[in-house]
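Novice: Sharing upload_33.cif (mmCIF, C-alpha atoms and all ligand atoms) below.
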```
data_work
loop_
_atom_site.group_PDB
_atom_site.id
_atom_site.type_symbol
_atom_site.label_atom_id
_atom_site.label_comp_id
_atom_site.auth_asym_id
_atom_site.auth_seq_id
_atom_site.Cartn_x
_atom_site.Cartn_y
_atom_site.Cartn_z
ATOM 1 C CA MET A 169 -17.554 5.780 -15.179
ATOM 2 C CA ASN A 170 -21.275 4.997 -14.955
ATOM 3 C CA LYS A 171 -21.467 5.056 -11.187
ATOM 4 C CA ARG A 172 -22.791 8.155 -9.478
ATOM 5 C CA LEU A 173 -20.054 10.132 -7.766
ATOM 6 C CA ALA A 174 -20.333 11.288 -4.153
ATOM 7 C CA LEU A 175 -17.935 13.528 -2.267
ATOM 8 C CA VAL A 176 -18.002 13.448 1.549
ATOM 9 C CA THR A 177 -15.945 15.936 3.570
ATOM 10 C CA GLY A 178 -14.530 14.961 6.933
ATOM 11 C CA GLY A 179 -14.964 11.401 5.726
ATOM 12 C CA ALA A 180 -12.155 9.860 7.748
ATOM 13 C CA SER A 181 -13.928 9.961 11.128
ATOM 14 C CA GLY A 182 -17.264 9.856 12.910
ATOM 15 C CA MET A 183 -20.426 10.409 10.942
ATOM 16 C CA GLY A 184 -18.489 11.289 7.778
ATOM 17 C CA LEU A 185 -16.824 7.887 7.801
ATOM 18 C CA ALA A 186 -20.149 6.131 8.377
ATOM 19 C CA THR A 187 -21.596 8.144 5.476
ATOM 20 C CA VAL A 188 -18.725 7.236 3.154
ATOM 21 C CA GLU A 189 -19.352 3.559 3.870
ATOM 22 C CA ARG A 190 -23.126 3.826 3.505
ATOM 23 C CA LEU A 191 -22.988 5.692 0.186
ATOM 24 C CA ALA A 192 -20.427 3.225 -1.179
ATOM 25 C CA ARG A 193 -22.783 0.392 -0.171
ATOM 26 C CA ASP A 194 -25.559 2.299 -1.976
ATOM 27 C CA GLY A 195 -23.488 2.029 -5.163
ATOM 28 C CA PHE A 196 -21.747 5.399 -5.306
ATOM 29 C CA HIS A 197 -18.105 5.881 -6.188
ATOM 30 C CA VAL A 198 -17.145 7.870 -3.086
ATOM 31 C CA VAL A 199 -14.384 10.429 -2.688
ATOM 32 C CA MET A 200 -13.548 10.892 0.989
ATOM 33 C CA VAL A 201 -11.944 14.291 1.686
ATOM 34 C CA ASP A 202 -10.146 14.889 4.966
ATOM 35 C CA ARG A 203 -7.133 16.750 6.310
ATOM 36 C CA ASP A 204 -6.019 13.825 8.494
ATOM 37 C CA ALA A 205 -3.786 11.942 6.062
ATOM 38 C CA ALA A 206 -3.030 8.968 8.295
ATOM 39 C CA LEU A 207 -6.661 8.351 9.251
ATOM 40 C CA ALA A 208 -7.995 8.940 5.727
ATOM 41 C CA THR A 209 -5.496 6.486 4.235
ATOM 42 C CA LYS A 210 -6.131 3.865 6.910
ATOM 43 C CA GLU A 211 -9.924 4.039 6.642
ATOM 44 C CA THR A 212 -9.876 4.108 2.848
ATOM 45 C CA HIS A 213 -7.766 0.941 2.756
ATOM 46 C CA ARG A 214 -10.123 -0.691 5.265
ATOM 47 C CA LEU A 215 -13.186 0.158 3.170
ATOM 48 C CA GLN A 216 -11.476 -0.920 -0.053
ATOM 49 C CA GLY A 217 -10.690 -4.199 1.722
ATOM 50 C CA LEU A 218 -14.442 -4.654 2.153
ATOM 51 C CA GLY A 219 -14.798 -4.304 -1.618
ATOM 52 C CA LEU A 220 -16.164 -0.759 -1.458
ATOM 53 C CA ASP A 221 -15.471 1.825 -4.158
ATOM 54 C CA VAL A 222 -13.811 4.545 -2.061
ATOM 55 C CA VAL A 223 -10.808 6.792 -2.665
ATOM 56 C CA CYS A 224 -9.435 9.541 -0.476
ATOM 57 C CA GLN A 225 -8.136 13.040 -1.101
ATOM 58 C CA VAL A 226 -6.144 14.656 1.663
ATOM 59 C CA LEU A 227 -6.540 18.399 1.942
ATOM 60 C CA ASP A 228 -7.513 21.140 4.340
ATOM 61 C CA LEU A 229 -10.921 22.425 3.287
ATOM 62 C CA THR A 230 -9.950 25.966 4.277
ATOM 63 C CA ASP A 231 -7.377 25.954 1.439
ATOM 64 C CA GLU A 232 -9.564 27.539 -1.230
ATOM 65 C CA ALA A 233 -7.208 26.911 -4.155
ATOM 66 C CA ALA A 234 -6.787 23.241 -3.208
ATOM 67 C CA VAL A 235 -10.562 22.782 -2.909
ATOM 68 C CA ARG A 236 -11.324 24.392 -6.263
ATOM 69 C CA GLY A 237 -8.459 22.445 -7.861
ATOM 70 C CA LEU A 238 -9.717 19.131 -6.512
ATOM 71 C CA VAL A 239 -13.264 19.652 -7.772
ATOM 72 C CA SER A 240 -12.177 20.755 -11.234
ATOM 73 C CA ALA A 241 -10.021 17.613 -11.544
ATOM 74 C CA LEU A 242 -12.975 15.320 -10.725
ATOM 75 C CA PRO A 243 -15.896 14.356 -12.951
ATOM 76 C CA PRO A 244 -19.172 16.143 -12.121
ATOM 77 C CA ILE A 245 -20.339 15.256 -8.620
ATOM 78 C CA ASN A 246 -23.863 13.868 -8.128
ATOM 79 C CA ALA A 247 -23.974 14.029 -4.334
ATOM 80 C CA LEU A 248 -22.052 16.388 -2.070
ATOM 81 C CA VAL A 249 -22.031 15.894 1.699
ATOM 82 C CA ASN A 250 -20.589 18.877 3.579
ATOM 83 C CA ASN A 251 -19.893 17.079 6.826
ATOM 84 C CA ALA A 252 -16.490 18.285 8.067
ATOM 85 C CA GLY A 253 -16.694 20.583 11.032
ATOM 86 C CA ILE A 254 -14.854 21.625 14.150
ATOM 87 C CA PHE A 255 -16.195 22.006 17.657
ATOM 88 C CA ASP A 256 -14.747 23.282 20.909
ATOM 89 C CA GLU A 257 -16.104 24.919 24.019
ATOM 90 C CA ARG A 258 -15.539 28.531 25.082
ATOM 91 C CA LYS A 259 -17.350 30.448 27.779
ATOM 92 C CA PHE A 260 -19.581 33.230 26.453
ATOM 93 C CA LEU A 261 -17.559 35.959 28.172
ATOM 94 C CA GLU A 262 -14.220 34.490 27.081
ATOM 95 C CA VAL A 263 -14.757 33.519 23.441
ATOM 96 C CA THR A 264 -12.490 35.531 21.109
ATOM 97 C CA ASN A 265 -12.790 36.878 17.597
ATOM 98 C CA ALA A 266 -10.152 34.332 16.620
ATOM 99 C CA ASP A 267 -12.430 31.552 17.913
ATOM 100 C CA PHE A 268 -15.281 32.881 15.784
ATOM 101 C CA ARG A 269 -13.054 33.153 12.700
ATOM 102 C CA ARG A 270 -11.701 29.610 13.167
ATOM 103 C CA ALA A 271 -15.202 28.160 13.510
ATOM 104 C CA TYR A 272 -16.510 30.110 10.521
ATOM 105 C CA GLU A 273 -13.535 29.226 8.281
ATOM 106 C CA VAL A 274 -14.249 25.496 8.547
ATOM 107 C CA ASN A 275 -17.945 25.271 9.395
ATOM 108 C CA LEU A 276 -19.231 27.874 6.931
ATOM 109 C CA ILE A 277 -16.745 29.356 4.464
ATOM 110 C CA ALA A 278 -15.228 26.020 3.450
ATOM 111 C CA VAL A 279 -18.772 24.708 2.904
ATOM 112 C CA ALA A 280 -19.613 27.673 0.686
ATOM 113 C CA THR A 281 -16.418 27.368 -1.379
ATOM 114 C CA LEU A 282 -16.896 23.668 -2.020
ATOM 115 C CA THR A 283 -20.616 23.977 -2.714
ATOM 116 C CA GLN A 284 -20.054 26.781 -5.215
ATOM 117 C CA GLU A 285 -17.324 24.889 -7.069
ATOM 118 C CA VAL A 286 -19.299 21.632 -7.146
ATOM 119 C CA ALA A 287 -22.515 23.388 -8.216
ATOM 120 C CA LYS A 288 -20.826 24.768 -11.336
ATOM 121 C CA ARG A 289 -20.853 21.312 -12.954
ATOM 122 C CA MET A 290 -23.285 19.331 -10.787
ATOM 123 C CA PRO A 291 -25.715 17.445 -13.058
ATOM 124 C CA ASP A 292 -29.400 18.328 -12.886
ATOM 125 C CA GLY A 293 -31.006 16.344 -10.084
ATOM 126 C CA GLY A 294 -27.889 16.458 -7.912
ATOM 127 C CA ARG A 295 -28.068 16.424 -4.131
ATOM 128 C CA ILE A 296 -26.319 18.394 -1.428
ATOM 129 C CA VAL A 297 -26.539 17.600 2.284
ATOM 130 C CA ASN A 298 -24.997 19.935 4.855
ATOM 131 C CA ILE A 299 -24.327 18.731 8.387
ATOM 132 C CA ALA A 300 -25.384 21.565 10.693
ATOM 133 C CA SER A 301 -26.167 20.917 14.374
ATOM 134 C CA ARG A 302 -29.235 21.130 16.611
ATOM 135 C CA ALA A 303 -27.048 23.534 18.558
ATOM 136 C CA TYR A 304 -27.955 26.187 15.983
ATOM 137 C CA LEU A 305 -31.186 26.611 17.954
ATOM 138 C CA GLY A 306 -29.062 27.919 20.829
ATOM 139 C CA ALA A 307 -26.701 26.193 23.254
ATOM 140 C CA LYS A 308 -24.390 27.220 26.060
ATOM 141 C CA ASN A 309 -20.584 27.247 26.171
ATOM 142 C CA HIS A 310 -19.901 27.351 22.426
ATOM 143 C CA PRO A 311 -21.358 30.561 20.970
ATOM 144 C CA HIS A 312 -18.927 30.594 18.015
ATOM 145 C CA TYR A 313 -19.961 27.039 17.042
ATOM 146 C CA VAL A 314 -23.679 27.815 17.472
ATOM 147 C CA ALA A 315 -23.402 30.873 15.230
ATOM 148 C CA SER A 316 -21.404 29.026 12.573
ATOM 149 C CA LYS A 317 -24.005 26.252 12.421
ATOM 150 C CA ALA A 318 -26.872 28.744 12.235
ATOM 151 C CA ALA A 319 -25.000 30.204 9.268
ATOM 152 C CA VAL A 320 -24.884 26.754 7.665
ATOM 153 C CA VAL A 321 -28.672 26.549 7.957
ATOM 154 C CA GLY A 322 -29.023 29.946 6.278
ATOM 155 C CA TYR A 323 -26.609 28.941 3.538
ATOM 156 C CA THR A 324 -28.538 25.682 3.012
ATOM 157 C CA ARG A 325 -31.761 27.606 2.454
ATOM 158 C CA ALA A 326 -30.070 30.065 0.098
ATOM 159 C CA SER A 327 -28.454 27.216 -1.865
ATOM 160 C CA ALA A 328 -31.780 25.397 -2.126
ATOM 161 C CA MET A 329 -33.424 28.461 -3.662
ATOM 162 C CA GLU A 330 -30.547 29.115 -6.061
ATOM 163 C CA LEU A 331 -30.264 25.528 -7.299
ATOM 164 C CA ALA A 332 -33.944 24.466 -7.369
ATOM 165 C CA PRO A 333 -34.362 25.452 -11.042
ATOM 166 C CA ARG A 334 -31.779 22.783 -11.905
ATOM 167 C CA GLY A 335 -33.531 20.161 -9.803
ATOM 168 C CA ILE A 336 -30.661 20.146 -7.314
ATOM 169 C CA LEU A 337 -31.981 19.514 -3.808
ATOM 170 C CA VAL A 338 -30.132 20.977 -0.814
ATOM 171 C CA ASN A 339 -30.959 20.016 2.752
ATOM 172 C CA ALA A 340 -29.360 20.160 6.178
ATOM 173 C CA ILE A 341 -29.226 17.603 8.935
ATOM 174 C CA ALA A 342 -29.102 18.938 12.492
ATOM 175 C CA PRO A 343 -27.611 16.181 14.631
ATOM 176 C CA GLY A 344 -27.906 16.192 18.387
ATOM 177 C CA LEU A 345 -25.370 14.383 20.532
ATOM 178 C CA ILE A 346 -23.743 11.731 18.330
ATOM 179 C CA ASP A 347 -21.084 9.347 19.619
ATOM 180 C CA THR A 348 -18.029 10.356 17.566
ATOM 181 C CA PRO A 349 -14.430 11.450 18.285
ATOM 182 C CA LEU A 350 -15.610 15.091 18.118
ATOM 183 C CA LEU A 351 -17.079 14.686 21.597
ATOM 184 C CA ARG A 352 -13.554 14.478 23.015
ATOM 185 C CA ALA A 353 -13.816 18.286 23.117
ATOM 186 C CA LEU A 354 -16.253 17.898 26.033
ATOM 187 C CA THR A 355 -14.919 17.450 29.559
ATOM 188 C CA PRO A 356 -16.358 14.404 31.394
ATOM 189 C CA ASP A 357 -18.601 16.764 33.379
ATOM 190 C CA ARG A 358 -19.937 18.455 30.258
ATOM 191 C CA MET A 359 -20.455 15.068 28.582
ATOM 192 C CA ALA A 360 -22.497 13.889 31.591
ATOM 193 C CA GLN A 361 -24.559 17.097 31.416
ATOM 194 C CA GLN A 362 -25.218 16.569 27.730
ATOM 195 C CA LEU A 363 -26.242 12.940 28.201
ATOM 196 C CA ALA A 364 -28.601 13.932 31.016
ATOM 197 C CA LEU A 365 -30.401 16.211 28.555
ATOM 198 C CA GLN A 366 -31.027 13.407 26.071
ATOM 199 C CA PRO A 367 -34.707 12.366 26.078
ATOM 200 C CA THR A 368 -33.643 8.879 25.004
ATOM 201 C CA GLY A 369 -30.879 8.823 27.643
ATOM 202 C CA LYS A 370 -28.163 8.139 25.114
ATOM 203 C CA ALA A 371 -26.227 9.647 22.247
ATOM 204 C CA GLY A 372 -27.004 8.780 18.633
ATOM 205 C CA LEU A 373 -24.751 6.717 16.394
ATOM 206 C CA PRO A 374 -22.820 7.887 13.325
ATOM 207 C CA GLN A 375 -24.909 5.429 11.309
ATOM 208 C CA ASP A 376 -28.089 7.341 12.260
ATOM 209 C CA ILE A 377 -26.706 10.244 10.260
ATOM 210 C CA ALA A 378 -25.325 8.091 7.448
ATOM 211 C CA HIS A 379 -28.675 6.390 6.781
ATOM 212 C CA THR A 380 -30.432 9.758 6.655
ATOM 213 C CA VAL A 381 -27.890 11.167 4.211
ATOM 214 C CA SER A 382 -28.443 8.047 2.113
ATOM 215 C CA PHE A 383 -32.179 8.805 2.035
ATOM 216 C CA LEU A 384 -31.704 12.477 1.158
ATOM 217 C CA VAL A 385 -29.399 11.705 -1.797
ATOM 218 C CA SER A 386 -31.439 8.760 -3.072
ATOM 219 C CA PRO A 387 -33.645 8.892 -6.173
ATOM 220 C CA GLN A 388 -36.644 8.124 -3.929
ATOM 221 C CA THR A 389 -36.765 11.745 -2.770
ATOM 222 C CA SER A 390 -37.478 14.476 -5.252
ATOM 223 C CA PHE A 391 -39.539 17.030 -3.331
ATOM 224 C CA ILE A 392 -37.573 17.801 -0.169
ATOM 225 C CA THR A 393 -35.348 20.857 -0.354
ATOM 226 C CA GLY A 394 -34.212 23.668 1.906
ATOM 227 C CA GLN A 395 -35.190 21.693 4.994
ATOM 228 C CA VAL A 396 -33.442 21.045 8.291
ATOM 229 C CA LEU A 397 -33.949 17.528 9.563
ATOM 230 C CA PHE A 398 -33.312 17.096 13.296
ATOM 231 C CA LEU A 399 -31.640 13.845 14.307
ATOM 232 C CA ASP A 400 -31.357 14.435 18.012
ATOM 233 C CA GLY A 401 -33.365 11.786 19.818
ATOM 234 C CA GLY A 402 -36.035 14.408 20.531
ATOM 235 C CA LYS A 403 -33.776 16.913 22.299
ATOM 236 C CA SER A 404 -35.006 19.808 20.195
ATOM 237 C CA LEU A 405 -38.512 19.216 21.547
ATOM 238 C CA GLY A 406 -37.534 20.476 24.995
ATOM 239 C CA GLY A 407 -36.797 23.981 26.158
ATOM 240 C CA SER A 408 -33.297 23.430 27.500
ATOM 241 C CA GLY A 409 -30.408 24.708 25.421
ATOM 242 C CA ALA A 410 -27.381 23.510 27.332
HETATM 243 P P1 LIG A 501 -15.215 14.080 13.867
HETATM 244 O O1 LIG A 501 -14.313 15.007 14.591
HETATM 245 O O2 LIG A 501 -15.304 12.652 14.282
HETATM 246 O O3 LIG A 501 -14.880 14.114 12.309
HETATM 247 C C1 LIG A 501 -14.680 15.318 11.622
HETATM 248 C C2 LIG A 501 -13.708 15.072 10.488
HETATM 249 O O4 LIG A 501 -13.580 16.299 9.766
HETATM 250 C C3 LIG A 501 -12.294 14.668 10.976
HETATM 251 O O5 LIG A 501 -11.861 13.503 10.289
HETATM 252 C C4 LIG A 501 -11.461 15.893 10.632
HETATM 253 O O6 LIG A 501 -10.110 15.562 10.281
HETATM 254 C C5 LIG A 501 -12.224 16.485 9.462
HETATM 255 N N1 LIG A 501 -11.952 17.912 9.294
HETATM 256 C C6 LIG A 501 -12.144 18.894 10.213
HETATM 257 N N2 LIG A 501 -11.731 20.074 9.717
HETATM 258 C C7 LIG A 501 -11.272 19.831 8.460
HETATM 259 C C8 LIG A 501 -10.705 20.648 7.461
HETATM 260 N N3 LIG A 501 -10.492 21.952 7.643
HETATM 261 N N4 LIG A 501 -10.336 20.079 6.296
HETATM 262 C C9 LIG A 501 -10.517 18.743 6.093
HETATM 263 N N5 LIG A 501 -11.040 17.927 7.012
HETATM 264 C C10 LIG A 501 -11.411 18.465 8.191
HETATM 265 O O7 LIG A 501 -16.646 14.784 13.929
HETATM 266 P P2 LIG A 501 -18.173 14.285 13.791
HETATM 267 O O8 LIG A 501 -18.773 14.252 15.144
HETATM 268 O O9 LIG A 501 -18.277 13.123 12.905
HETATM 269 O O10 LIG A 501 -18.789 15.600 13.117
HETATM 270 C C11 LIG A 501 -19.171 15.696 11.772
HETATM 271 C C12 LIG A 501 -20.056 16.920 11.640
HETATM 272 O O11 LIG A 501 -21.192 16.804 12.505
HETATM 273 C C13 LIG A 501 -19.380 18.242 12.034
HETATM 274 O O12 LIG A 501 -19.757 19.238 11.112
HETATM 275 C C14 LIG A 501 -19.938 18.520 13.409
HETATM 276 O O13 LIG A 501 -19.921 19.892 13.706
HETATM 277 C C15 LIG A 501 -21.340 17.976 13.265
HETATM 278 N N6 LIG A 501 -22.016 17.645 14.507
HETATM 279 C C16 LIG A 501 -21.511 16.705 15.371
HETATM 280 C C17 LIG A 501 -22.198 16.383 16.530
HETATM 281 C C18 LIG A 501 -21.745 15.318 17.473
HETATM 282 O O14 LIG A 501 -22.351 15.190 18.551
HETATM 283 N N7 LIG A 501 -20.734 14.533 17.162
HETATM 284 C C19 LIG A 501 -23.456 17.071 16.875
HETATM 285 C C20 LIG A 501 -23.894 18.029 15.901
HETATM 286 C C21 LIG A 501 -23.193 18.298 14.771
#
```
Please lay out the structure from this file as C-alpha cells.
Specialist:
Amino acid sequence: MNKRLALVTGGASGMGLATVERLARDGFHVVMVDRDAALATKETHRLQGLGLDVVCQVLDLTDEAAVRGLVSALPPINALVNNAGIFDERKFLEVTNADFRRAYEVNLIAVATLTQEVAKRMPDGGRIVNIASRAYLGAKNHPHYVASKAAVVGYTRASAMELAPRGILVNAIAPGLIDTPLLRALTPDRMAQQLALQPTGKAGLPQDIAHTVSFLVSPQTSFITGQVLFLDGGKSLGGSGA
C-alpha cells in the first residue's frame, strides 16, 4: 500500500469522526478505532459510501494487549491521532479515587500505551497529535478530567523530546467547548454557563479540530513539535476557569 496510514482513536463520534473523514479526504488510508461497535460500523460504512478509504477496528483502548496486538498487525503508522477521551463532572469535594483512575486509564494511560507501540515502527517523519483540552489550564467541577488532560500535555512534551531525533513531530490540541456528543455530560445549566463564557458566544465545531489535525500531520509542517495549540474561540485568553 502506497498510501500513508493514519490511526484515529475515538473515531466513531465527534471530533474523531470529523478527523477520520478529513484525513481520508487528504489521501490517508484511515483506521478508525473505537469501542462503540455499532457506531463505528455505521460511520465506517457511511464514509466508505462516500468513496473514502476508511476501515474500523473495535476495541477498548484500555485493553493493553488488544491495543498492542492491533498495532503489531498493522503496517507502520504515519500519523497517530490520540483523540478518544472521557469526560464527566464531579464536585471537587466529592470526586473519588475511582473517578481519577477511570479518567487516567482512558485519557492518559491508553494514550501512552498506543503511542509507545506505534512509535516502535513509526517511519521517520511521522506525526502524532494528542487531543488534550483547554481545561488543563484549570476548570471547575471536573478535577479528575483536568488533571488527566494536564498529564496528556506533559506526555506530549516528553514524547516530542524522545522522538525528535527521528523527525517524528508530536503536538497537542487543546480544544475549548466543541459541539459533540461528549457535551451530553453537562446538565443544561452547566452547558448554559459554559456557553456564556465563550468569547465568540458559541461552541466550536468538530471540523475546527479536524482541519487543525490535518495541518499538523501534513508535509507542510516540519518545525512544530511539543506545542499545545488552543482551539477555544479565545476562551483561554480570559481569567475565568469555569
Ligand atoms: P465524543 O464522546 O463525541 O467521542 C469520543 C469517542 O471516543 C466515542 O466514540 C467513544 O466511544 C470513544 N472512546 C471513549 N473511550 C474509549 C475507549 N476506552 N476505547 C475506545 N474508544 C473510546 O467526544 P469528543 O467531544 O469528540 O471528544 C474527543 C476528545 O476531545 C476527547 O479526548 C475529549 O476529552 C476532548 N475534548 C472535548 C471537548 C468538547 O467540548 N467536546 C473539549 C476539550 C477536549
Novice: Write out as a list in words each polymer residue whose atoms come within 8 Å of A:Val338, counting only C-alpha atoms; drop sequence neighbours fewer than 6 positions from it.
Specialist: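 Surrounding residues, per the criterion: Arg295, Ile296, Val297, Asn298, Thr324, Arg325, Ser327, Ala328, Leu331, Thr393, Gly394 and Gln395 of chain A.
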Novice: Given the file shown, determine the residues that the PyMOL selection byres (((not hetatm)) within 9 of (chain A and resi 501)) selects; report them as a ChimeraX atom specification.
Specialist: /A:177-186,201-205,207-208,226-231,250-255,273-275,278,298-303,313,317,341-352,371-374,377,399-400
Novice: Step by step, work through what the PyMOL selection byres (((chain A and resi 259-269) around 8) and not hetatm) selects in the shown file, and finish by giving those residues as an NGL selection string.
Specialist: :A and (257-258 or 270-273 or 308-313 or 316)
Novice: Expressed in Å to a single decimal, how great is the separation between atom CA of A:Asn339 and atom CA of A:Lys171?
Specialist: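 Computing the Euclidean distance for atom CA of A:Asn339 and atom CA of A:Lys171 yields 22.5 Å.
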Novice: Calculate how many Å separate atom CA of A:Ser382 from atom CA of A:Gly369, rounding to one decimal.
Specialist: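 Between atom CA of A:Ser382 and atom CA of A:Gly369 the gap works out to 25.7 Å.
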Novice: Since I can't run it myself right now, could you work out what the PyMOL selection byres (((chain A and resi 170) around 12) and not hetatm) selects here and report it as a list in words?
Specialist: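 On this input, the PyMOL selection byres (((chain A and resi 170) around 12) and not hetatm) captures Met169, Lys171, Arg172, Leu173, Gly195, Phe196, His197, Pro243, Pro244 and Asn246 of chain A.
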Novice: How many Å separate atom CA of A:Leu238 from atom CA of A:Thr212?
Specialist: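 Between atom CA of A:Leu238 and atom CA of A:Thr212 the gap works out to 17.7 Å.
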Novice: With distances taken over all atoms listed in the file, which of A:Pro291, A:Pro367, A:Pro356, A:Gly401 is nearest to A:Arg334?
Specialist: A:Pro291
